[in-house]
Amino acid sequence: MAMRKVVMIGLDGMSWEVFESLRERGVMPNLSKILRKAVRMKLISTIPPTTASAWSSILTGVNPGKHGLFYFRQNKAKKGVKLGFVTTFDVMVPRIHEMLALNGKLSIIVNMPYSIPCLVRNKCIAVKDWLSLGRRIVECPLRFKSPISELFKDYVIPGVGPYMNKFKDKSLYLNLLYVETSKRIRILCDLLETLEDKYPWSYLFILFSETDWLFHGFLDKILSGRGKYVHRLFKIFTLIDNFMGYIKDNFIDENTLLCILSDHGFTQYNHEFRLLQYLFGKGLLRSESLTRIFLRKLSQNILWEGVLQPIRALKALFKRDKPRNVHKTSVVKRLARNAHTLHVSYGIYLNEHFIGDHVGRLAYLLKKSMNAYKIRNVKPFLGVWLREEIYKGPYINRMPHVVFLPNEVAGIWPTYRLGPLLWKSKFFNHSMYGIASFYSESSELTQNVKTCTTYDILPTVLSYMKLFIPHNVDGNVLSIMNVDRIDVKRKNYLTRWNILRKLRFKGSYESRMV
């Protein structure tokens, strides 16, 4: 029997509503052709629907309390609260390419969040994503090093996309994004053609983050098909669509499953709810005095920018890979708070240093107050939960004490602004519902389910490849196969993976804990 393969293409932030809008305008004909014959379903994302938590759940099959990722910045302290950037070392369970490596199968992963450094590089070709640290672009087995190094000498890691707000000229931004994307796609096509015959692979993962970045800035124009930048926007979508057509024509057969999915959807909010002002009114935030602000600014200008400038330059030579904190500090001082809120405000960390043993009681009262809160007959929160109510696992202490989702009417504004709590404003952000589809040239697939969760993707893929699924998985095998009974066998990947992790990283994660 021929070896079964899986190709997984991620369209970050794509929803069925956006796809239908693009299909009606003839923007993505190859994707439309694939989905006409595919098993289609609505994907329910994680709470919150963010890239870090949702893709990690898709690739591990477990909830954030088990894999350890909530957002790009989260609690990194063993006790108390200290927010820090997430890295590869924060992923606490094996992902799909690592499980396949433990089964002796080769994977190719491109732009997978937090994929570098790669734990199983002897059985994986990992191309750097825009979130991973370090300057190494690709990690691969030694036998591939010579041909792959030559291919990737001109490869460009996504660099323009996340920084749309830095560009006053959006036309320039879109042109640069198009050039970056086309260059990466060309090199990826060359890579796949080089490996096709000599080195057979079992799993291919490619994530297009460009879709998420474009939805953040231009969702209304993409849905309406009208506006100043529509032609440039559709050129980027067409580029991605042509690549999916290339994948289908060259690599999809009766023994290969093509999965096209997203981690969450997108929606438009017409009001913003200013969460920090709300918490300030509850007494959970303490503002910084004008005197302290003046002294802090003075010390920054004289010491940090003046006297210490040579020391900072010398320090930078030895810490080039340390990420910059691009989140602006508001007039509400972080260290003087009783609560920490995340940048996109999907959760609230209660600072035990100030609150003490009453943190559980305060979290419950805050949840109860937020659930009942209304302003101008609008409920800004769709749902509010304690972290213990939605997460299960050993790393639940990394999650915020209170987790919530914004209402579809009013989105949560992440920074401190003076003014009313509810303000009329149009902006775009994540929603809970993404897309999931499965396509194959064989007649084995059938449409038995209409919805799935992020936890269901991994067990379904491993079951298709006739491999064991993890013993601690939170999802189920989807009934997409036209068979009477699905034989599901479980295996403990975690023990062997932890041994490999300690040997490969030598305690790097523990050294990063505060």
# chains A, B, ... in the order shown; residues from 1 in each chain; ligands from 1
call {"tool": "closest_atom_pairs", "arguments": {"of": "range 88-178 of chain A", "to": "range 4-21 of chain A", "cutoff": "12 Å", "atoms": "only C-alpha atoms", "output": "JSON lines"}}
result
{"residue": "A:Ile96", "atom": "CA", "partner": "A:Val6", "partner_atom": "CA", "distance": 11.0}
{"residue": "A:His97", "atom": "CA", "partner": "A:Val6", "partner_atom": "CA", "distance": 11.1}
{"residue": "A:Leu100", "atom": "CA", "partner": "A:Lys5", "partner_atom": "CA", "distance": 11.1}
{"residue": "A:Lys105", "atom": "CA", "partner": "A:Lys5", "partner_atom": "CA", "distance": 10.0}
{"residue": "A:Leu106", "atom": "CA", "partner": "A:Lys5", "partner_atom": "CA", "distance": 10.3}
{"residue": "A:Ser107", "atom": "CA", "partner": "A:Val6", "partner_atom": "CA", "distance": 9.7}
{"residue": "A:Ile108", "atom": "CA", "partner": "A:Val7", "partner_atom": "CA", "distance": 9.5}
{"residue": "A:Ile109", "atom": "CA", "partner": "A:Met8", "partner_atom": "CA", "distance": 9.4}
{"residue": "A:Val110", "atom": "CA", "partner": "A:Ile9", "partner_atom": "CA", "distance": 9.7}
{"residue": "A:Asn111", "atom": "CA", "partner": "A:Gly10", "partner_atom": "CA", "distance": 9.7}
{"residue": "A:Met112", "atom": "CA", "partner": "A:Gly10", "partner_atom": "CA", "distance": 9.3}
{"residue": "A:Pro113", "atom": "CA", "partner": "A:Asp12", "partner_atom": "CA", "distance": 11.3}
call {"tool": "closest_atom_pairs", "arguments": {"of": "range 349-458 of chain A", "to": "range 474-483 of chain A", "cutoff": "9 Å", "atoms": "only C-alpha atoms", "output": "CSV"}}
result
residue,atom,partner,partner_atom,distance
A:Phe438,CA,A:Ile480,CA,8.1
A:Ser443,CA,A:Asn482,CA,7.9
A:Glu444,CA,A:Asn482,CA,4.9
A:Leu445,CA,A:Met481,CA,4.7
A:Thr446,CA,A:Ile480,CA,5.1
A:Gln447,CA,A:Ile480,CA,6.1
A:Asn448,CA,A:Ser479,CA,5.9
A:Val449,CA,A:Ser479,CA,6.7
A:Cys452,CA,A:Leu478,CA,7.7
A:Thr453,CA,A:Gly475,CA,7.4
A:Thr454,CA,A:Gly475,CA,7.7
A:Tyr455,CA,A:Gly475,CA,4.3
A:Asp456,CA,A:Gly475,CA,4.3
A:Ile457,CA,A:Val477,CA,7.7
A:Leu458,CA,A:Gly475,CA,8.0
call {"tool": "residues_around", "arguments": {"residues": "Leu366 in chain A", "least_positions_apart": "2", "cutoff": "12 Å", "atoms": "only C-alpha atoms", "output": "ChimeraX atom specification"}}
result
/A:278-279,282-284,339,347-350,359-364,368-373,384-386,401-404
call {"tool": "atom_distance", "arguments": {"atom1": "CA of Ile157 in chain A", "atom2": "CA of Trp130 in chain A"}}
result
6.3 Å
call {"tool": "residues_around", "arguments": {"residues": "Ile34 in chain A", "least_positions_apart": "3", "cutoff": "12 Å", "atoms": "only C-alpha atoms", "output": "list in words"}}
result
Arg23, Met28, Pro29, Asn30, Leu31, Lys37, Ala38, Val39, Arg40, Asp241, Met244, Gly245, Tyr246, Ile247, Lys248, Asp249, Ile252, Leu257, Leu258, Cys259, Ile260, Ser437, Phe438, Tyr439, Ser440 and Glu441 of chain A
call {"tool": "closest_residue", "arguments": {"among": "A:Lys424, A:Thr495, A:Leu500, A:Ala436", "to": "Asn122 in chain A", "atoms": "only C-alpha atoms"}}
result
A:Leu500
call {"tool": "residues_around", "arguments": {"residues": "Arg121 in chain A", "least_positions_apart": "3", "cutoff": "9 Å", "atoms": "only C-alpha atoms", "output": "ChimeraX atom specification"}}
result
/A:101,117-118,124-126,139-142
call {"tool": "select_by_dssp", "arguments": {"residues": "range 351-469 of chain A", "states": "strand (DSSP E)", "output": "ChimeraX atom specification"}}
result
/A:381-386,402-406,410-413,422-431,433-439,451-453,469
call {"tool": "residues_around", "arguments": {"residues": "Leu131 in chain A", "least_positions_apart": "2", "cutoff": "10 Å", "atoms": "only C-alpha atoms", "output": "list in words"}}
result
Ala52, Phe72, Phe85, Val86, Thr87, Thr88, Asn111, Met112, Pro113, Tyr114, Ser115, Ile116, Lys128, Asp129, Leu133, Gly134, Ile157, Pro158 and Pro323 of chain A
call {"tool": "write_last_selection", "arguments": {"atoms": "N, CA, C and O atoms", "output": "PDB file, in the first residue's frame"}}
result
ATOM      1  N   ALA A  52      -1.215  32.555  18.292  1.00  0.00           N
ATOM      2  CA  ALA A  52      -0.354  31.709  19.123  1.00  0.00           C
ATOM      3  C   ALA A  52      -1.115  30.524  19.714  1.00  0.00           C
ATOM      4  O   ALA A  52      -0.661  29.374  19.638  1.00  0.00           O
ATOM      5  N   PHE A  72       0.950  36.138  22.257  1.00  0.00           N
ATOM      6  CA  PHE A  72       2.355  36.430  21.969  1.00  0.00           C
ATOM      7  C   PHE A  72       3.118  36.844  23.231  1.00  0.00           C
ATOM      8  O   PHE A  72       4.307  36.609  23.336  1.00  0.00           O
ATOM      9  N   PHE A  85       7.644  37.760  26.236  1.00  0.00           N
ATOM     10  CA  PHE A  85       7.370  37.230  24.903  1.00  0.00           C
ATOM     11  C   PHE A  85       7.461  35.714  24.897  1.00  0.00           C
ATOM     12  O   PHE A  85       8.339  35.115  25.534  1.00  0.00           O
ATOM     13  N   VAL A  86       6.567  35.089  24.137  1.00  0.00           N
ATOM     14  CA  VAL A  86       6.560  33.641  23.974  1.00  0.00           C
ATOM     15  C   VAL A  86       7.653  33.240  22.982  1.00  0.00           C
ATOM     16  O   VAL A  86       7.922  33.949  22.016  1.00  0.00           O
ATOM     17  N   THR A  87       8.299  32.096  23.233  1.00  0.00           N
ATOM     18  CA  THR A  87       9.307  31.559  22.329  1.00  0.00           C
ATOM     19  C   THR A  87       9.025  30.079  22.071  1.00  0.00           C
ATOM     20  O   THR A  87       8.082  29.504  22.625  1.00  0.00           O
ATOM     21  N   THR A  88       9.859  29.465  21.256  1.00  0.00           N
ATOM     22  CA  THR A  88       9.736  28.033  20.974  1.00  0.00           C
ATOM     23  C   THR A  88       9.777  27.203  22.247  1.00  0.00           C
ATOM     24  O   THR A  88       9.118  26.159  22.352  1.00  0.00           O
ATOM     25  N   ASN A 111       6.883  28.593   7.940  1.00  0.00           N
ATOM     26  CA  ASN A 111       6.189  29.659   8.672  1.00  0.00           C
ATOM     27  C   ASN A 111       5.271  29.122   9.767  1.00  0.00           C
ATOM     28  O   ASN A 111       4.290  29.759  10.128  1.00  0.00           O
ATOM     29  N   MET A 112       5.590  27.960  10.303  1.00  0.00           N
ATOM     30  CA  MET A 112       4.841  27.444  11.459  1.00  0.00           C
ATOM     31  C   MET A 112       5.230  28.273  12.684  1.00  0.00           C
ATOM     32  O   MET A 112       6.416  28.437  12.958  1.00  0.00           O
ATOM     33  N   PRO A 113       4.260  28.806  13.425  1.00  0.00           N
ATOM     34  CA  PRO A 113       4.600  29.639  14.581  1.00  0.00           C
ATOM     35  C   PRO A 113       5.520  28.929  15.570  1.00  0.00           C
ATOM     36  O   PRO A 113       5.274  27.797  15.966  1.00  0.00           O
ATOM     37  N   TYR A 114       6.615  29.603  15.912  1.00  0.00           N
ATOM     38  CA  TYR A 114       7.588  29.118  16.899  1.00  0.00           C
ATOM     39  C   TYR A 114       8.186  27.770  16.483  1.00  0.00           C
ATOM     40  O   TYR A 114       8.193  26.811  17.243  1.00  0.00           O
ATOM     41  N   SER A 115       8.692  27.712  15.259  1.00  0.00           N
ATOM     42  CA  SER A 115       9.241  26.459  14.721  1.00  0.00           C
ATOM     43  C   SER A 115      10.763  26.392  14.791  1.00  0.00           C
ATOM     44  O   SER A 115      11.343  25.319  14.585  1.00  0.00           O
ATOM     45  N   ILE A 116      11.428  27.521  15.049  1.00  0.00           N
ATOM     46  CA  ILE A 116      12.888  27.567  15.127  1.00  0.00           C
ATOM     47  C   ILE A 116      13.288  27.974  16.546  1.00  0.00           C
ATOM     48  O   ILE A 116      12.749  28.958  17.063  1.00  0.00           O
ATOM     49  N   LYS A 128      12.020  29.227   8.738  1.00  0.00           N
ATOM     50  CA  LYS A 128      11.742  30.149   9.839  1.00  0.00           C
ATOM     51  C   LYS A 128      10.450  30.938   9.640  1.00  0.00           C
ATOM     52  O   LYS A 128      10.136  31.389   8.534  1.00  0.00           O
ATOM     53  N   ASP A 129       9.734  31.113  10.720  1.00  0.00           N
ATOM     54  CA  ASP A 129       8.538  31.947  10.726  1.00  0.00           C
ATOM     55  C   ASP A 129       8.897  33.330  11.256  1.00  0.00           C
ATOM     56  O   ASP A 129      10.004  33.564  11.735  1.00  0.00           O
ATOM     57  N   LEU A 133      12.770  33.410  17.214  1.00  0.00           N
ATOM     58  CA  LEU A 133      13.986  34.177  17.417  1.00  0.00           C
ATOM     59  C   LEU A 133      15.130  33.590  16.601  1.00  0.00           C
ATOM     60  O   LEU A 133      15.048  32.482  16.087  1.00  0.00           O
ATOM     61  N   GLY A 134      16.220  34.333  16.508  1.00  0.00           N
ATOM     62  CA  GLY A 134      17.406  33.843  15.823  1.00  0.00           C
ATOM     63  C   GLY A 134      17.471  34.289  14.376  1.00  0.00           C
ATOM     64  O   GLY A 134      16.479  34.729  13.788  1.00  0.00           O
ATOM     65  N   ILE A 157      12.332  36.295   5.118  1.00  0.00           N
ATOM     66  CA  ILE A 157      11.367  36.032   6.190  1.00  0.00           C
ATOM     67  C   ILE A 157      10.339  37.162   6.194  1.00  0.00           C
ATOM     68  O   ILE A 157      10.701  38.319   5.986  1.00  0.00           O
ATOM     69  N   PRO A 158       9.039  36.856   6.386  1.00  0.00           N
ATOM     70  CA  PRO A 158       8.034  37.927   6.413  1.00  0.00           C
ATOM     71  C   PRO A 158       8.433  39.049   7.357  1.00  0.00           C
ATOM     72  O   PRO A 158       8.516  38.853   8.567  1.00  0.00           O
ATOM     73  N   PRO A 323      13.931  40.139  21.211  1.00  0.00           N
ATOM     74  CA  PRO A 323      12.876  40.909  20.542  1.00  0.00           C
ATOM     75  C   PRO A 323      12.612  42.231  21.233  1.00  0.00           C
ATOM     76  O   PRO A 323      12.713  42.355  22.450  1.00  0.00           O
TER      77      PRO A 323
END
call {"tool": "atom_distance", "arguments": {"atom1": "CA of Gly265 in chain A", "atom2": "CA of Trp213 in chain A"}}
result
12.3 Å
call {"tool": "atom_distance", "arguments": {"atom1": "CA of Val473 in chain A", "atom2": "CA of Pro406 in chain A"}}
result
28.0 Å
call {"tool": "residues_around", "arguments": {"residues": "Thr50 in chain A", "least_positions_apart": "3", "cutoff": "10 Å", "atoms": "only C-alpha atoms", "output": "ChimeraX atom specification"}}
result
/A:13,45-47,53-56,69-72,263-265,344,346,429-432
call {"tool": "write_last_selection", "arguments": {"atoms": "C-alpha atoms", "output": "mmCIF file, in the first residue's frame"}}
result
data_model
loop_
_atom_site.group_PDB
_atom_site.id
_atom_site.type_symbol
_atom_site.label_atom_id
_atom_site.label_comp_id
_atom_site.auth_asym_id
_atom_site.auth_seq_id
_atom_site.Cartn_x
_atom_site.Cartn_y
_atom_site.Cartn_z
ATOM 1 C CA GLY A 13 -7.694 34.638 9.686
ATOM 2 C CA SER A 45 -11.279 28.520 17.376
ATOM 3 C CA THR A 46 -9.763 28.602 20.843
ATOM 4 C CA ILE A 47 -10.650 31.115 23.540
ATOM 5 C CA SER A 53 -3.020 29.702 20.958
ATOM 6 C CA ALA A 54 -5.130 28.588 17.969
ATOM 7 C CA TRP A 55 -2.330 27.290 15.713
ATOM 8 C CA SER A 56 -0.702 25.588 18.688
ATOM 9 C CA LEU A 69 0.502 29.209 24.825
ATOM 10 C CA PHE A 70 -2.156 31.894 25.243
ATOM 11 C CA TYR A 71 -0.890 34.938 23.344
ATOM 12 C CA PHE A 72 2.355 36.430 21.969
ATOM 13 C CA ASP A 263 -6.971 29.473 12.958
ATOM 14 C CA HIS A 264 -9.808 31.997 13.398
ATOM 15 C CA GLY A 265 -12.000 34.373 11.405
ATOM 16 C CA VAL A 344 -5.527 42.758 22.483
ATOM 17 C CA TYR A 346 -8.617 38.905 25.766
ATOM 18 C CA ASN A 429 -10.245 42.026 14.765
ATOM 19 C CA HIS A 430 -10.438 38.273 15.246
ATOM 20 C CA SER A 431 -13.630 36.241 15.536
ATOM 21 C CA MET A 432 -14.225 32.692 16.784
#
call {"tool": "closest_residue", "arguments": {"among": "A:Pro48, A:Leu174, A:Leu204, A:Met41", "to": "Gly383 in chain A", "atoms": "only C-alpha atoms"}}
result
A:Pro48
call {"tool": "decode", "arguments": {"residues": "range 136-152 of chain A", "atoms": "N, CA and C atoms", "output": "PDB file, in the first residue's frame"}}
result
ATOM      1  N   ARG A 136      18.858  32.193  11.935  1.00  0.00           N
ATOM      2  CA  ARG A 136      18.914  31.026  11.054  1.00  0.00           C
ATOM      3  C   ARG A 136      17.594  30.896  10.300  1.00  0.00           C
ATOM      4  N   ILE A 137      17.655  30.848   8.984  1.00  0.00           N
ATOM      5  CA  ILE A 137      16.448  30.840   8.160  1.00  0.00           C
ATOM      6  C   ILE A 137      15.868  29.440   8.022  1.00  0.00           C
ATOM      7  N   VAL A 138      16.705  28.441   7.893  1.00  0.00           N
ATOM      8  CA  VAL A 138      16.200  27.080   7.679  1.00  0.00           C
ATOM      9  C   VAL A 138      17.043  26.098   8.479  1.00  0.00           C
ATOM     10  N   GLU A 139      16.380  25.088   9.051  1.00  0.00           N
ATOM     11  CA  GLU A 139      17.045  23.972   9.705  1.00  0.00           C
ATOM     12  C   GLU A 139      16.616  22.693   9.016  1.00  0.00           C
ATOM     13  N   CYS A 140      17.575  21.796   8.757  1.00  0.00           N
ATOM     14  CA  CYS A 140      17.272  20.593   7.988  1.00  0.00           C
ATOM     15  C   CYS A 140      18.287  19.503   8.315  1.00  0.00           C
ATOM     16  N   PRO A 141      18.018  18.242   7.904  1.00  0.00           N
ATOM     17  CA  PRO A 141      19.012  17.174   8.070  1.00  0.00           C
ATOM     18  C   PRO A 141      20.290  17.497   7.294  1.00  0.00           C
ATOM     19  N   LEU A 142      21.399  16.971   7.764  1.00  0.00           N
ATOM     20  CA  LEU A 142      22.696  17.280   7.150  1.00  0.00           C
ATOM     21  C   LEU A 142      22.745  16.881   5.685  1.00  0.00           C
ATOM     22  N   ARG A 143      22.054  15.800   5.309  1.00  0.00           N
ATOM     23  CA  ARG A 143      22.114  15.349   3.920  1.00  0.00           C
ATOM     24  C   ARG A 143      21.412  16.310   2.963  1.00  0.00           C
ATOM     25  N   PHE A 144      20.560  17.203   3.505  1.00  0.00           N
ATOM     26  CA  PHE A 144      19.877  18.182   2.655  1.00  0.00           C
ATOM     27  C   PHE A 144      20.581  19.538   2.650  1.00  0.00           C
ATOM     28  N   LYS A 145      21.611  19.685   3.470  1.00  0.00           N
ATOM     29  CA  LYS A 145      22.149  21.016   3.734  1.00  0.00           C
ATOM     30  C   LYS A 145      22.672  21.706   2.483  1.00  0.00           C
ATOM     31  N   SER A 146      23.377  20.981   1.648  1.00  0.00           N
ATOM     32  CA  SER A 146      23.993  21.602   0.469  1.00  0.00           C
ATOM     33  C   SER A 146      22.962  22.146  -0.515  1.00  0.00           C
ATOM     34  N   PRO A 147      21.989  21.335  -0.991  1.00  0.00           N
ATOM     35  CA  PRO A 147      21.022  21.890  -1.955  1.00  0.00           C
ATOM     36  C   PRO A 147      20.098  22.938  -1.349  1.00  0.00           C
ATOM     37  N   ILE A 148      19.716  22.769  -0.072  1.00  0.00           N
ATOM     38  CA  ILE A 148      18.771  23.691   0.541  1.00  0.00           C
ATOM     39  C   ILE A 148      19.428  25.036   0.853  1.00  0.00           C
ATOM     40  N   SER A 149      20.678  25.017   1.284  1.00  0.00           N
ATOM     41  CA  SER A 149      21.379  26.273   1.556  1.00  0.00           C
ATOM     42  C   SER A 149      21.469  27.132   0.307  1.00  0.00           C
ATOM     43  N   GLU A 150      21.673  26.502  -0.826  1.00  0.00           N
ATOM     44  CA  GLU A 150      21.744  27.241  -2.089  1.00  0.00           C
ATOM     45  C   GLU A 150      20.392  27.835  -2.458  1.00  0.00           C
ATOM     46  N   LEU A 151      19.318  27.072  -2.210  1.00  0.00           N
ATOM     47  CA  LEU A 151      17.969  27.562  -2.536  1.00  0.00           C
ATOM     48  C   LEU A 151      17.572  28.759  -1.682  1.00  0.00           C
ATOM     49  N   PHE A 152      17.947  28.732  -0.399  1.00  0.00           N
ATOM     50  CA  PHE A 152      17.436  29.718   0.550  1.00  0.00           C
ATOM     51  C   PHE A 152      18.377  30.897   0.788  1.00  0.00           C
TER      52      PHE A 152
END
